[in-house]
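Heads up: the structure comes next, in structure tokens.
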Amino acid sequence: MAKPRVAFHDFTSCEGCQLQVLNCEDEILGILAAVDIVNFREAIDEKSEDYDIAFIEGAITRDSDIPRLQEIRQRAKILVALGACACTGGLNVLKNFRGIEASMKTVYGEAAGWYETSAARPIDAVVKDDAKVHGCPIPTEEFLELVKSVLAGRTPQIPDYPVCVECKLRENVCLYHKGQYCMGVVARAGCKAWCPSYGGRCYACRGLISDPNNKAAKEILDEKGLTIQNVLDEFRLFNGVYDVAKE
Ligand code: SF4
Ligand code: SF4
Ligand code: SF4
């Protein structure tokens, strides 16, 4: 039986999530035994437009991206959004709040008019995706779980509980006890609480769990003298697309 043909495509991104795929060093030979990678600009020269599974990294930030993405959608039987940029628009969405013209001027100065741009959007604002691998960057374990489940025709096991669960398992002292706030209470686990484990706050780069306990989160904020606005300002960093939808 022919192996599934896999393509990686990138739009506006830092390409760190594709790098995470290449970081699966112990598993990469096993992956190559199961699939043919036919398009992966960061790793190989070959380019084929004949594929079954497309992984898309990056946000859509130019109108000229749209036909390219639609063409990929038409070719692929399965389309997977890879990383926060693709899943929620990620950091790219910040420019929508600042204003597109102001952002262009800040970055390109007098040359701003030379470049095309538009409001940043996630992949599923343009075409339907079949699965998402969350995170900035994606955890390699979750990418591998997704690949295995697609090949086996089963639903991937993606955590739908908060980062706090993993944080507690790592026996970290909660940042709220240190007078800081942290979105791990409502953010999707799966990263093994990367940021709090190294002293940083969780910014919910993996999005929110499907049923966040907002009441408990509010109680913690009240107890620590913090406001929802404190949290919302940080929520925008990776999840601003939900604000944009409301505006
Ligand atoms: S999600 Fe983060 S690591 Fe991945 S491409 Fe976007 S900015 Fe880079
Ligand atoms: S530091 Fe953050 S992730 Fe860890 S327990 Fe506290 S709120 Fe949860
Ligand atoms: S701790 Fe939060 S911000 Fe850090 S990687 Fe995990 S989900 Fe992302």
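Letters A, B, ... mark the chains of the structure tokens in the order given; residue numbers begin at 1 per chain; ligand numbers begin at 1, in order shown.
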Report task. Within region 53-120 of chain A, find each residue whose DSSP state, derived from the backbone, is alpha helix (DSSP H), and express the selection as a ChimeraX atom specification. Result -> /A:65-75,84-88,94-98,100-108
What does the file look like for those residues with N, CA and C atoms, as a short mmCIF file (atom, residue, chain, number, x, y, z; two decimals), in the first residue's frame?
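After the write, result22.cif holds the following:
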```cif
data_model
loop_
_atom_site.label_atom_id
_atom_site.label_comp_id
_atom_site.auth_asym_id
_atom_site.auth_seq_id
_atom_site.Cartn_x
_atom_site.Cartn_y
_atom_site.Cartn_z
N ASP A 65 -2.49 35.52 0.42
CA ASP A 65 -2.31 34.18 1.00
C ASP A 65 -3.54 33.30 0.77
N ILE A 66 -4.68 33.95 0.61
CA ILE A 66 -5.95 33.20 0.64
C ILE A 66 -6.07 32.18 -0.50
N PRO A 67 -5.85 32.58 -1.78
CA PRO A 67 -5.95 31.55 -2.83
C PRO A 67 -4.97 30.41 -2.66
N ARG A 68 -3.76 30.72 -2.15
CA ARG A 68 -2.76 29.66 -1.93
C ARG A 68 -3.27 28.67 -0.89
N LEU A 69 -3.84 29.20 0.20
CA LEU A 69 -4.36 28.31 1.25
C LEU A 69 -5.55 27.50 0.73
N GLN A 70 -6.41 28.15 -0.04
CA GLN A 70 -7.57 27.43 -0.58
C GLN A 70 -7.14 26.30 -1.51
N GLU A 71 -6.08 26.53 -2.25
CA GLU A 71 -5.57 25.49 -3.16
C GLU A 71 -5.02 24.31 -2.35
N ILE A 72 -4.31 24.63 -1.26
CA ILE A 72 -3.78 23.54 -0.40
C ILE A 72 -4.96 22.74 0.16
N ARG A 73 -5.98 23.43 0.60
CA ARG A 73 -7.18 22.76 1.16
C ARG A 73 -7.79 21.82 0.12
N GLN A 74 -7.86 22.27 -1.13
CA GLN A 74 -8.45 21.43 -2.17
C GLN A 74 -7.62 20.18 -2.42
N ARG A 75 -6.31 20.31 -2.32
CA ARG A 75 -5.44 19.16 -2.62
C ARG A 75 -5.39 18.15 -1.47
N ALA A 84 0.44 27.94 17.34
CA ALA A 84 -0.47 29.04 17.70
C ALA A 84 -0.75 29.98 16.53
N CYS A 85 0.27 30.27 15.70
CA CYS A 85 0.03 31.20 14.58
C CYS A 85 -1.08 30.67 13.70
N ALA A 86 -1.06 29.37 13.42
CA ALA A 86 -2.07 28.77 12.55
C ALA A 86 -3.40 28.55 13.28
N CYS A 87 -3.32 28.21 14.57
CA CYS A 87 -4.54 27.83 15.31
C CYS A 87 -5.36 29.04 15.74
N THR A 88 -4.69 30.11 16.19
CA THR A 88 -5.42 31.30 16.68
C THR A 88 -4.95 32.60 16.01
N LEU A 94 -1.70 40.70 17.22
CA LEU A 94 -1.47 41.94 17.98
C LEU A 94 -1.51 43.16 17.06
N LYS A 95 -1.07 42.99 15.81
CA LYS A 95 -1.06 44.15 14.91
C LYS A 95 -2.48 44.63 14.61
N ASN A 96 -3.45 43.73 14.72
CA ASN A 96 -4.85 44.13 14.45
C ASN A 96 -5.29 45.17 15.48
N PHE A 97 -4.80 45.03 16.71
CA PHE A 97 -5.20 45.97 17.77
C PHE A 97 -4.46 47.29 17.64
N ARG A 98 -3.23 47.19 17.24
CA ARG A 98 -2.41 48.39 17.11
C ARG A 98 -2.84 49.22 15.91
N ILE A 100 -3.37 48.35 11.49
CA ILE A 100 -2.51 47.80 10.44
C ILE A 100 -1.53 48.87 9.93
N GLU A 101 -2.05 50.07 9.68
CA GLU A 101 -1.18 51.11 9.11
C GLU A 101 -0.09 51.51 10.09
N ALA A 102 -0.48 51.68 11.37
CA ALA A 102 0.52 52.07 12.38
C ALA A 102 1.59 50.99 12.51
N SER A 103 1.19 49.73 12.46
CA SER A 103 2.16 48.63 12.57
C SER A 103 3.12 48.66 11.39
N MET A 104 2.58 48.86 10.19
CA MET A 104 3.43 48.89 9.00
C MET A 104 4.44 50.02 9.08
N LYS A 105 3.96 51.17 9.55
CA LYS A 105 4.86 52.34 9.65
C LYS A 105 5.98 52.08 10.65
N THR A 106 5.61 51.44 11.79
CA THR A 106 6.62 51.15 12.81
C THR A 106 7.69 50.21 12.27
N VAL A 107 7.25 49.21 11.52
CA VAL A 107 8.20 48.19 11.07
C VAL A 107 8.98 48.66 9.84
N TYR A 108 8.27 49.24 8.87
CA TYR A 108 8.92 49.54 7.58
C TYR A 108 9.16 51.02 7.33
#
```
Requested in this report: Fewer than 5 positions away in the same chain doesn't count, so skip those; otherwise give me all residues within 9 Å of region 19-23 of chain A, counting only C-alpha atoms, as a list in words.
Outcome: Ile28, Glu42, Ala43, Pro137, Ile138, Pro139, Thr140, Phe143 and Leu144 of chain A
Please, which residues in chain A fall within 12 Å of ligand 1 when counting only C-alpha atoms and all ligand atoms, and what is the closest atom pair and distance in Å to one decimal for each, ordered by chain then residue number, as JSON lines?
```
{"residue": "A:His9", "atom": "CA", "partner": "ligand 1", "partner_atom_place_in_ligand_line": "5 (S)", "distance": 11.2}
{"residue": "A:Asp10", "atom": "CA", "partner": "ligand 1", "partner_atom_place_in_ligand_line": "5 (S)", "distance": 8.4}
{"residue": "A:Phe11", "atom": "CA", "partner": "ligand 1", "partner_atom_place_in_ligand_line": "5 (S)", "distance": 8.8}
{"residue": "A:Thr12", "atom": "CA", "partner": "ligand 1", "partner_atom_place_in_ligand_line": "5 (S)", "distance": 7.7}
{"residue": "A:Ser13", "atom": "CA", "partner": "ligand 1", "partner_atom_place_in_ligand_line": "5 (S)", "distance": 4.2}
{"residue": "A:Cys14", "atom": "CA", "partner": "ligand 1", "partner_atom_place_in_ligand_line": "8 (Fe)", "distance": 4.0}
{"residue": "A:Glu15", "atom": "CA", "partner": "ligand 1", "partner_atom_place_in_ligand_line": "5 (S)", "distance": 4.4}
{"residue": "A:Gly16", "atom": "CA", "partner": "ligand 1", "partner_atom_place_in_ligand_line": "3 (S)", "distance": 3.9}
{"residue": "A:Cys17", "atom": "CA", "partner": "ligand 1", "partner_atom_place_in_ligand_line": "4 (Fe)", "distance": 4.1}
{"residue": "A:Gln18", "atom": "CA", "partner": "ligand 1", "partner_atom_place_in_ligand_line": "5 (S)", "distance": 7.2}
{"residue": "A:Leu19", "atom": "CA", "partner": "ligand 1", "partner_atom_place_in_ligand_line": "3 (S)", "distance": 8.3}
{"residue": "A:Gln20", "atom": "CA", "partner": "ligand 1", "partner_atom_place_in_ligand_line": "3 (S)", "distance": 8.2}
{"residue": "A:Val21", "atom": "CA", "partner": "ligand 1", "partner_atom_place_in_ligand_line": "4 (Fe)", "distance": 10.6}
{"residue": "A:Phe55", "atom": "CA", "partner": "ligand 1", "partner_atom_place_in_ligand_line": "5 (S)", "distance": 11.9}
{"residue": "A:Ile56", "atom": "CA", "partner": "ligand 1", "partner_atom_place_in_ligand_line": "5 (S)", "distance": 9.8}
{"residue": "A:Glu57", "atom": "CA", "partner": "ligand 1", "partner_atom_place_in_ligand_line": "5 (S)", "distance": 6.0}
{"residue": "A:Gly58", "atom": "CA", "partner": "ligand 1", "partner_atom_place_in_ligand_line": "5 (S)", "distance": 5.6}
{"residue": "A:Ala59", "atom": "CA", "partner": "ligand 1", "partner_atom_place_in_ligand_line": "6 (Fe)", "distance": 7.8}
{"residue": "A:Ile60", "atom": "CA", "partner": "ligand 1", "partner_atom_place_in_ligand_line": "6 (Fe)", "distance": 11.5}
{"residue": "A:Ala81", "atom": "CA", "partner": "ligand 1", "partner_atom_place_in_ligand_line": "1 (S)", "distance": 10.0}
{"residue": "A:Leu82", "atom": "CA", "partner": "ligand 1", "partner_atom_place_in_ligand_line": "4 (Fe)", "distance": 7.3}
{"residue": "A:Gly83", "atom": "CA", "partner": "ligand 1", "partner_atom_place_in_ligand_line": "1 (S)", "distance": 4.1}
{"residue": "A:Ala84", "atom": "CA", "partner": "ligand 1", "partner_atom_place_in_ligand_line": "1 (S)", "distance": 4.0}
{"residue": "A:Cys85", "atom": "CA", "partner": "ligand 1", "partner_atom_place_in_ligand_line": "6 (Fe)", "distance": 4.3}
{"residue": "A:Ala86", "atom": "CA", "partner": "ligand 1", "partner_atom_place_in_ligand_line": "1 (S)", "distance": 7.0}
{"residue": "A:Cys87", "atom": "CA", "partner": "ligand 1", "partner_atom_place_in_ligand_line": "1 (S)", "distance": 8.2}
{"residue": "A:Thr88", "atom": "CA", "partner": "ligand 1", "partner_atom_place_in_ligand_line": "1 (S)", "distance": 9.1}
{"residue": "A:Gly89", "atom": "CA", "partner": "ligand 1", "partner_atom_place_in_ligand_line": "6 (Fe)", "distance": 8.2}
{"residue": "A:Gly90", "atom": "CA", "partner": "ligand 1", "partner_atom_place_in_ligand_line": "1 (S)", "distance": 6.3}
{"residue": "A:Leu91", "atom": "CA", "partner": "ligand 1", "partner_atom_place_in_ligand_line": "7 (S)", "distance": 6.7}
{"residue": "A:Asn92", "atom": "CA", "partner": "ligand 1", "partner_atom_place_in_ligand_line": "7 (S)", "distance": 8.1}
{"residue": "A:Val93", "atom": "CA", "partner": "ligand 1", "partner_atom_place_in_ligand_line": "6 (Fe)", "distance": 11.2}
{"residue": "A:Pro122", "atom": "CA", "partner": "ligand 1", "partner_atom_place_in_ligand_line": "6 (Fe)", "distance": 10.8}
{"residue": "A:Lys132", "atom": "CA", "partner": "ligand 1", "partner_atom_place_in_ligand_line": "1 (S)", "distance": 11.5}
{"residue": "A:Val133", "atom": "CA", "partner": "ligand 1", "partner_atom_place_in_ligand_line": "1 (S)", "distance": 9.6}
{"residue": "A:His134", "atom": "CA", "partner": "ligand 1", "partner_atom_place_in_ligand_line": "1 (S)", "distance": 7.8}
{"residue": "A:Gly135", "atom": "CA", "partner": "ligand 1", "partner_atom_place_in_ligand_line": "1 (S)", "distance": 5.9}
{"residue": "A:Cys136", "atom": "CA", "partner": "ligand 1", "partner_atom_place_in_ligand_line": "2 (Fe)", "distance": 3.6}
{"residue": "A:Pro137", "atom": "CA", "partner": "ligand 1", "partner_atom_place_in_ligand_line": "3 (S)", "distance": 3.7}
{"residue": "A:Ile138", "atom": "CA", "partner": "ligand 1", "partner_atom_place_in_ligand_line": "4 (Fe)", "distance": 6.4}
{"residue": "A:Pro139", "atom": "CA", "partner": "ligand 1", "partner_atom_place_in_ligand_line": "3 (S)", "distance": 9.9}
{"residue": "A:Thr140", "atom": "CA", "partner": "ligand 1", "partner_atom_place_in_ligand_line": "4 (Fe)", "distance": 11.6}
{"residue": "A:Ala204", "atom": "CA", "partner": "ligand 1", "partner_atom_place_in_ligand_line": "1 (S)", "distance": 11.7}
{"residue": "A:Cys205", "atom": "CA", "partner": "ligand 1", "partner_atom_place_in_ligand_line": "1 (S)", "distance": 8.0}
{"residue": "A:Arg206", "atom": "CA", "partner": "ligand 1", "partner_atom_place_in_ligand_line": "1 (S)", "distance": 9.2}
{"residue": "A:Gly207", "atom": "CA", "partner": "ligand 1", "partner_atom_place_in_ligand_line": "1 (S)", "distance": 11.4}
{"residue": "A:Leu237", "atom": "CA", "partner": "ligand 1", "partner_atom_place_in_ligand_line": "7 (S)", "distance": 11.1}
{"residue": "A:Phe238", "atom": "CA", "partner": "ligand 1", "partner_atom_place_in_ligand_line": "1 (S)", "distance": 9.0}
{"residue": "A:Asn239", "atom": "CA", "partner": "ligand 1", "partner_atom_place_in_ligand_line": "1 (S)", "distance": 11.7}
```
Could you write out the selected residues, including N, CA and C atoms, as a tab-separated table (two decimals), in the first residue's frame?
```
chain	number	residue	atom	x	y	z
A	9	HIS	N	3.52	23.34	4.85
A	9	HIS	CA	3.46	24.67	4.21
A	9	HIS	C	3.53	25.72	5.30
A	10	ASP	N	4.14	26.86	4.98
A	10	ASP	CA	4.18	27.92	5.99
A	10	ASP	C	3.64	29.23	5.43
A	11	PHE	N	2.95	29.95	6.32
A	11	PHE	CA	2.50	31.31	6.03
A	11	PHE	C	3.25	32.22	7.01
A	12	THR	N	2.60	33.21	7.61
A	12	THR	CA	3.35	34.15	8.46
A	12	THR	C	3.66	33.50	9.81
A	13	SER	N	4.94	33.30	10.07
A	13	SER	CA	5.35	32.55	11.26
A	13	SER	C	6.84	32.74	11.47
A	14	CYS	N	7.35	32.21	12.56
A	14	CYS	CA	8.80	32.24	12.76
A	14	CYS	C	9.42	30.92	12.34
A	15	GLU	N	8.59	29.97	11.91
A	15	GLU	CA	9.01	28.63	11.47
A	15	GLU	C	9.52	27.75	12.62
A	16	GLY	N	9.27	28.21	13.86
A	16	GLY	CA	9.70	27.43	15.01
A	16	GLY	C	8.93	26.13	15.17
A	17	CYS	N	7.70	26.10	14.68
A	17	CYS	CA	6.93	24.85	14.83
A	17	CYS	C	7.42	23.80	13.84
A	18	GLN	N	7.82	24.23	12.63
A	18	GLN	CA	8.44	23.27	11.71
A	18	GLN	C	9.75	22.75	12.30
A	19	LEU	N	10.47	23.64	12.97
A	19	LEU	CA	11.72	23.23	13.60
A	19	LEU	C	11.45	22.17	14.67
A	20	GLN	N	10.34	22.32	15.38
A	20	GLN	CA	9.98	21.32	16.39
A	20	GLN	C	9.76	19.95	15.74
A	21	VAL	N	9.21	19.94	14.51
A	21	VAL	CA	9.04	18.66	13.81
A	21	VAL	C	10.42	18.03	13.58
A	55	PHE	N	0.24	19.92	6.62
A	55	PHE	CA	0.43	20.64	7.88
A	55	PHE	C	0.67	22.10	7.52
A	56	ILE	N	-0.09	22.98	8.14
A	56	ILE	CA	0.03	24.41	7.84
A	56	ILE	C	0.54	25.15	9.06
A	57	GLU	N	1.68	25.78	8.93
A	57	GLU	CA	2.21	26.64	9.98
A	57	GLU	C	1.96	28.09	9.57
A	58	GLY	N	1.65	28.94	10.55
A	58	GLY	CA	1.57	30.37	10.28
A	58	GLY	C	0.16	30.89	10.15
A	59	ALA	N	0.07	32.22	10.34
A	59	ALA	CA	-1.22	32.90	10.22
A	59	ALA	C	-1.39	33.46	8.82
A	60	ILE	N	-2.62	33.80	8.49
A	60	ILE	CA	-2.90	34.44	7.21
A	60	ILE	C	-2.87	35.96	7.45
A	81	ALA	N	-3.67	22.40	11.31
A	81	ALA	CA	-3.06	23.69	11.69
A	81	ALA	C	-1.98	23.41	12.73
A	82	LEU	N	-0.78	23.93	12.47
A	82	LEU	CA	0.38	23.60	13.28
A	82	LEU	C	0.85	24.83	14.05
A	83	GLY	N	0.57	24.85	15.35
A	83	GLY	CA	1.08	25.94	16.19
A	83	GLY	C	0.11	27.10	16.35
A	84	ALA	N	0.44	27.94	17.34
A	84	ALA	CA	-0.47	29.04	17.70
A	84	ALA	C	-0.75	29.98	16.53
A	85	CYS	N	0.27	30.27	15.70
A	85	CYS	CA	0.03	31.20	14.58
A	85	CYS	C	-1.08	30.67	13.70
A	86	ALA	N	-1.06	29.37	13.42
A	86	ALA	CA	-2.07	28.77	12.55
A	86	ALA	C	-3.40	28.55	13.28
A	87	CYS	N	-3.32	28.21	14.57
A	87	CYS	CA	-4.54	27.83	15.31
A	87	CYS	C	-5.36	29.04	15.74
A	88	THR	N	-4.69	30.11	16.19
A	88	THR	CA	-5.42	31.30	16.68
A	88	THR	C	-4.95	32.60	16.01
A	89	GLY	N	-3.98	32.51	15.14
A	89	GLY	CA	-3.34	33.71	14.60
A	89	GLY	C	-2.12	34.08	15.43
A	90	GLY	N	-2.11	33.63	16.68
A	90	GLY	CA	-0.96	33.82	17.56
A	90	GLY	C	-0.59	35.28	17.74
A	91	LEU	N	0.70	35.51	17.91
A	91	LEU	CA	1.21	36.87	18.16
A	91	LEU	C	0.89	37.82	17.02
A	92	ASN	N	0.72	37.28	15.82
A	92	ASN	CA	0.48	38.13	14.65
A	92	ASN	C	-0.75	39.01	14.80
A	93	VAL	N	-1.71	38.53	15.59
A	93	VAL	CA	-2.99	39.25	15.73
A	93	VAL	C	-2.81	40.57	16.49
A	122	PRO	N	-6.38	33.24	11.88
A	122	PRO	CA	-5.97	31.83	11.92
A	122	PRO	C	-6.42	31.12	10.63
A	132	LYS	N	-5.93	20.48	15.04
A	132	LYS	CA	-5.02	21.55	15.45
A	132	LYS	C	-3.97	20.97	16.39
A	133	VAL	N	-2.72	21.42	16.19
A	133	VAL	CA	-1.68	21.15	17.19
A	133	VAL	C	-1.34	22.50	17.79
A	134	HIS	N	-1.72	22.70	19.06
A	134	HIS	CA	-1.58	24.00	19.69
A	134	HIS	C	-0.18	24.22	20.22
A	135	GLY	N	0.12	25.49	20.49
A	135	GLY	CA	1.35	25.83	21.21
A	135	GLY	C	2.29	26.73	20.44
A	136	CYS	N	3.11	27.44	21.17
A	136	CYS	CA	4.12	28.34	20.58
A	136	CYS	C	5.42	28.12	21.32
A	137	PRO	N	6.22	27.14	20.88
A	137	PRO	CA	5.99	26.27	19.73
A	137	PRO	C	5.17	25.04	20.13
A	138	ILE	N	4.86	24.20	19.13
A	138	ILE	CA	4.13	22.96	19.42
A	138	ILE	C	5.01	22.03	20.25
A	139	PRO	N	4.42	21.31	21.20
A	139	PRO	CA	5.20	20.25	21.87
A	139	PRO	C	5.41	19.09	20.89
A	140	THR	N	6.61	18.55	20.83
A	140	THR	CA	6.88	17.46	19.87
A	140	THR	C	5.99	16.25	20.16
A	204	ALA	N	-1.18	31.21	27.93
A	204	ALA	CA	-2.19	30.43	27.19
A	204	ALA	C	-1.87	30.36	25.70
A	205	CYS	N	-0.62	30.05	25.39
A	205	CYS	CA	-0.27	29.91	23.97
A	205	CYS	C	-0.98	28.71	23.36
A	206	ARG	N	-1.46	27.79	24.20
A	206	ARG	CA	-2.17	26.61	23.68
A	206	ARG	C	-3.68	26.81	23.73
A	207	GLY	N	-4.09	28.04	23.88
A	207	GLY	CA	-5.53	28.32	23.88
A	207	GLY	C	-6.17	27.91	25.19
A	237	LEU	N	-2.25	38.22	23.98
A	237	LEU	CA	-0.96	37.90	23.38
A	237	LEU	C	-1.08	36.75	22.38
A	238	PHE	N	-1.83	35.72	22.75
A	238	PHE	CA	-1.98	34.58	21.85
A	238	PHE	C	-3.42	34.34	21.40
A	239	ASN	N	-4.36	34.98	22.05
A	239	ASN	CA	-5.76	34.66	21.77
A	239	ASN	C	-6.57	35.89	21.38
```
Query raised in the report: How far is it from CA of Arg188 (chain A) to CA of Ile209 (chain A), in Å with one decimal?
Result: 4.8 Å
Requested in this report: Kindly provide, as number ranges by chain, all nucleotide and amino acid residues lying within 7 Å of ligand 3, counting only C-alpha atoms and all ligand atoms.
Outcome: A: 135-136, 163, 183-184, 187-189, 191-196, 201-206
Using C-alpha atoms, can you write the selected residues to a file as an mmCIF file, in the first residue's frame?
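In the end it all went to result.cif:
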```
data_model
loop_
_atom_site.group_PDB
_atom_site.id
_atom_site.type_symbol
_atom_site.label_atom_id
_atom_site.label_comp_id
_atom_site.auth_asym_id
_atom_site.auth_seq_id
_atom_site.Cartn_x
_atom_site.Cartn_y
_atom_site.Cartn_z
ATOM 1 C CA GLY A 135 1.346 25.832 21.215
ATOM 2 C CA CYS A 136 4.116 28.343 20.575
ATOM 3 C CA VAL A 163 -1.961 23.671 32.683
ATOM 4 C CA MET A 183 -3.306 31.833 32.838
ATOM 5 C CA GLY A 184 -2.560 28.197 33.611
ATOM 6 C CA ALA A 187 -5.099 27.316 29.502
ATOM 7 C CA ARG A 188 -4.939 23.955 27.739
ATOM 8 C CA ALA A 189 -2.323 21.600 29.161
ATOM 9 C CA CYS A 191 3.193 21.480 27.396
ATOM 10 C CA LYS A 192 4.084 19.976 30.800
ATOM 11 C CA ALA A 193 3.674 23.495 32.242
ATOM 12 C CA TRP A 194 6.765 24.728 30.411
ATOM 13 C CA CYS A 195 6.589 28.378 31.463
ATOM 14 C CA PRO A 196 5.769 28.125 35.195
ATOM 15 C CA ARG A 201 3.815 33.058 33.583
ATOM 16 C CA CYS A 202 1.519 31.009 31.366
ATOM 17 C CA TYR A 203 0.140 33.148 28.507
ATOM 18 C CA ALA A 204 -2.192 30.435 27.186
ATOM 19 C CA CYS A 205 -0.273 29.909 23.965
ATOM 20 C CA ARG A 206 -2.167 26.608 23.683
#
```
Give me, as JSON lines, each residue of chain A that comes within 6 Å of ligand 2, together with its shortest interatomic pair and the distance in Å at one decimal, counting only C-alpha atoms and all ligand atoms, with rows ordered by chain and rising residue number.
```
{"residue": "A:Val163", "atom": "CA", "partner": "ligand 2", "partner_atom_place_in_ligand_line": "3 (S)", "distance": 5.0}
{"residue": "A:Cys164", "atom": "CA", "partner": "ligand 2", "partner_atom_place_in_ligand_line": "8 (Fe)", "distance": 3.5}
{"residue": "A:Cys167", "atom": "CA", "partner": "ligand 2", "partner_atom_place_in_ligand_line": "4 (Fe)", "distance": 4.6}
{"residue": "A:Lys168", "atom": "CA", "partner": "ligand 2", "partner_atom_place_in_ligand_line": "5 (S)", "distance": 5.8}
{"residue": "A:Cys174", "atom": "CA", "partner": "ligand 2", "partner_atom_place_in_ligand_line": "6 (Fe)", "distance": 3.6}
{"residue": "A:Leu175", "atom": "CA", "partner": "ligand 2", "partner_atom_place_in_ligand_line": "1 (S)", "distance": 4.1}
{"residue": "A:Tyr176", "atom": "CA", "partner": "ligand 2", "partner_atom_place_in_ligand_line": "6 (Fe)", "distance": 5.8}
{"residue": "A:Cys182", "atom": "CA", "partner": "ligand 2", "partner_atom_place_in_ligand_line": "2 (Fe)", "distance": 4.6}
{"residue": "A:Gly184", "atom": "CA", "partner": "ligand 2", "partner_atom_place_in_ligand_line": "3 (S)", "distance": 3.7}
{"residue": "A:Val185", "atom": "CA", "partner": "ligand 2", "partner_atom_place_in_ligand_line": "8 (Fe)", "distance": 5.0}
{"residue": "A:Pro196", "atom": "CA", "partner": "ligand 2", "partner_atom_place_in_ligand_line": "1 (S)", "distance": 5.2}
```
Can I get the selection written as a JSON list (two decimals), in the first residue's frame, with N, CA and C atoms?
```json
[["chain", "number", "residue", "atom", "x", "y", "z"],
["A", 163, "VAL", "N", -3.41, 23.77, 32.46],
["A", 163, "VAL", "CA", -1.96, 23.67, 32.68],
["A", 163, "VAL", "C", -1.66, 23.45, 34.16],
["A", 164, "CYS", "N", -2.52, 23.97, 35.04],
["A", 164, "CYS", "CA", -2.30, 23.81, 36.49],
["A", 164, "CYS", "C", -2.11, 22.34, 36.87],
["A", 167, "CYS", "N", 1.33, 21.50, 36.13],
["A", 167, "CYS", "CA", 2.18, 22.32, 36.99],
["A", 167, "CYS", "C", 2.28, 21.70, 38.39],
["A", 168, "LYS", "N", 1.13, 21.23, 38.89],
["A", 168, "LYS", "CA", 1.10, 20.59, 40.22],
["A", 168, "LYS", "C", 1.90, 19.30, 40.19],
["A", 174, "CYS", "N", 3.04, 27.71, 43.03],
["A", 174, "CYS", "CA", 2.14, 28.48, 42.16],
["A", 174, "CYS", "C", 2.55, 29.95, 42.13],
["A", 175, "LEU", "N", 2.52, 30.52, 40.93],
["A", 175, "LEU", "CA", 2.92, 31.93, 40.78],
["A", 175, "LEU", "C", 1.99, 32.87, 41.53],
["A", 176, "TYR", "N", 0.75, 32.46, 41.74],
["A", 176, "TYR", "CA", -0.17, 33.30, 42.50],
["A", 176, "TYR", "C", 0.32, 33.48, 43.94],
["A", 182, "CYS", "N", -1.27, 34.20, 36.34],
["A", 182, "CYS", "CA", -0.86, 33.14, 35.43],
["A", 182, "CYS", "C", -2.13, 32.59, 34.79],
["A", 184, "GLY", "N", -2.51, 29.66, 33.57],
["A", 184, "GLY", "CA", -2.56, 28.20, 33.61],
["A", 184, "GLY", "C", -3.86, 27.65, 34.14],
["A", 185, "VAL", "N", -4.62, 28.47, 34.85],
["A", 185, "VAL", "CA", -5.89, 28.03, 35.42],
["A", 185, "VAL", "C", -6.89, 27.66, 34.31],
["A", 196, "PRO", "N", 5.63, 28.04, 33.74],
["A", 196, "PRO", "CA", 5.77, 28.12, 35.20],
["A", 196, "PRO", "C", 6.93, 27.28, 35.73]]
```
Near Lys128 (chain A), within 10 Å and counting only C-alpha atoms, which residues show up once chain neighbours fewer than 2 positions away are dropped, as a PDB file with C-alpha atoms, in the first residue's frame?
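Below is the file that was written, out30.pdb:
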```
ATOM      1  CA  GLN A  70      -7.574  27.425  -0.578  1.00  0.00           C
ATOM      2  CA  ARG A  73      -7.176  22.758   1.157  1.00  0.00           C
ATOM      3  CA  ILE A  78      -6.504  16.095   5.851  1.00  0.00           C
ATOM      4  CA  LEU A  79      -5.377  19.590   6.820  1.00  0.00           C
ATOM      5  CA  VAL A  80      -3.745  20.232  10.199  1.00  0.00           C
ATOM      6  CA  ALA A  81      -3.063  23.687  11.693  1.00  0.00           C
ATOM      7  CA  ILE A 123      -6.227  29.148   9.230  1.00  0.00           C
ATOM      8  CA  ASP A 124      -9.808  28.191  10.118  1.00  0.00           C
ATOM      9  CA  ALA A 125     -10.973  31.763   9.439  1.00  0.00           C
ATOM     10  CA  VAL A 126     -10.283  31.014   5.766  1.00  0.00           C
ATOM     11  CA  ASP A 130      -9.371  18.908  10.404  1.00  0.00           C
ATOM     12  CA  ALA A 131      -7.136  19.121  13.468  1.00  0.00           C
TER      13      ALA A 131
END
```
Query raised in the report: What are the DSSP strand (DSSP E or B) residues of region 37-99 of chain A, as JSON, numbers by chain?
Result: {"A": [37, 38, 39, 40, 47, 53, 54, 55, 56, 57, 59, 60, 78, 79, 80, 81, 82]}
**Report entry** Nearest candidate to Pro212 (chain A) (options A:Leu32, A:Leu151, A:Val186, A:Leu226; using only C-alpha atoms)
**Finding:**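 Looking only at the distances to Pro212 (chain A), the closest residue turns out to be A:Val186.
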Report task. Could you please determine the separation between CA of Tyr198 (chain A) and CA of Asn172 (chain A) in Å, to one decimal place? Result -> 9.2 Å
Query raised in the report: What does the distance from CA of Leu208 (chain A) to CA of Pro162 (chain A) come to in Å, to one decimal?
Result: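 If I compute the distance from CA of Leu208 (chain A) to CA of Pro162 (chain A), I get 8.0 Å.
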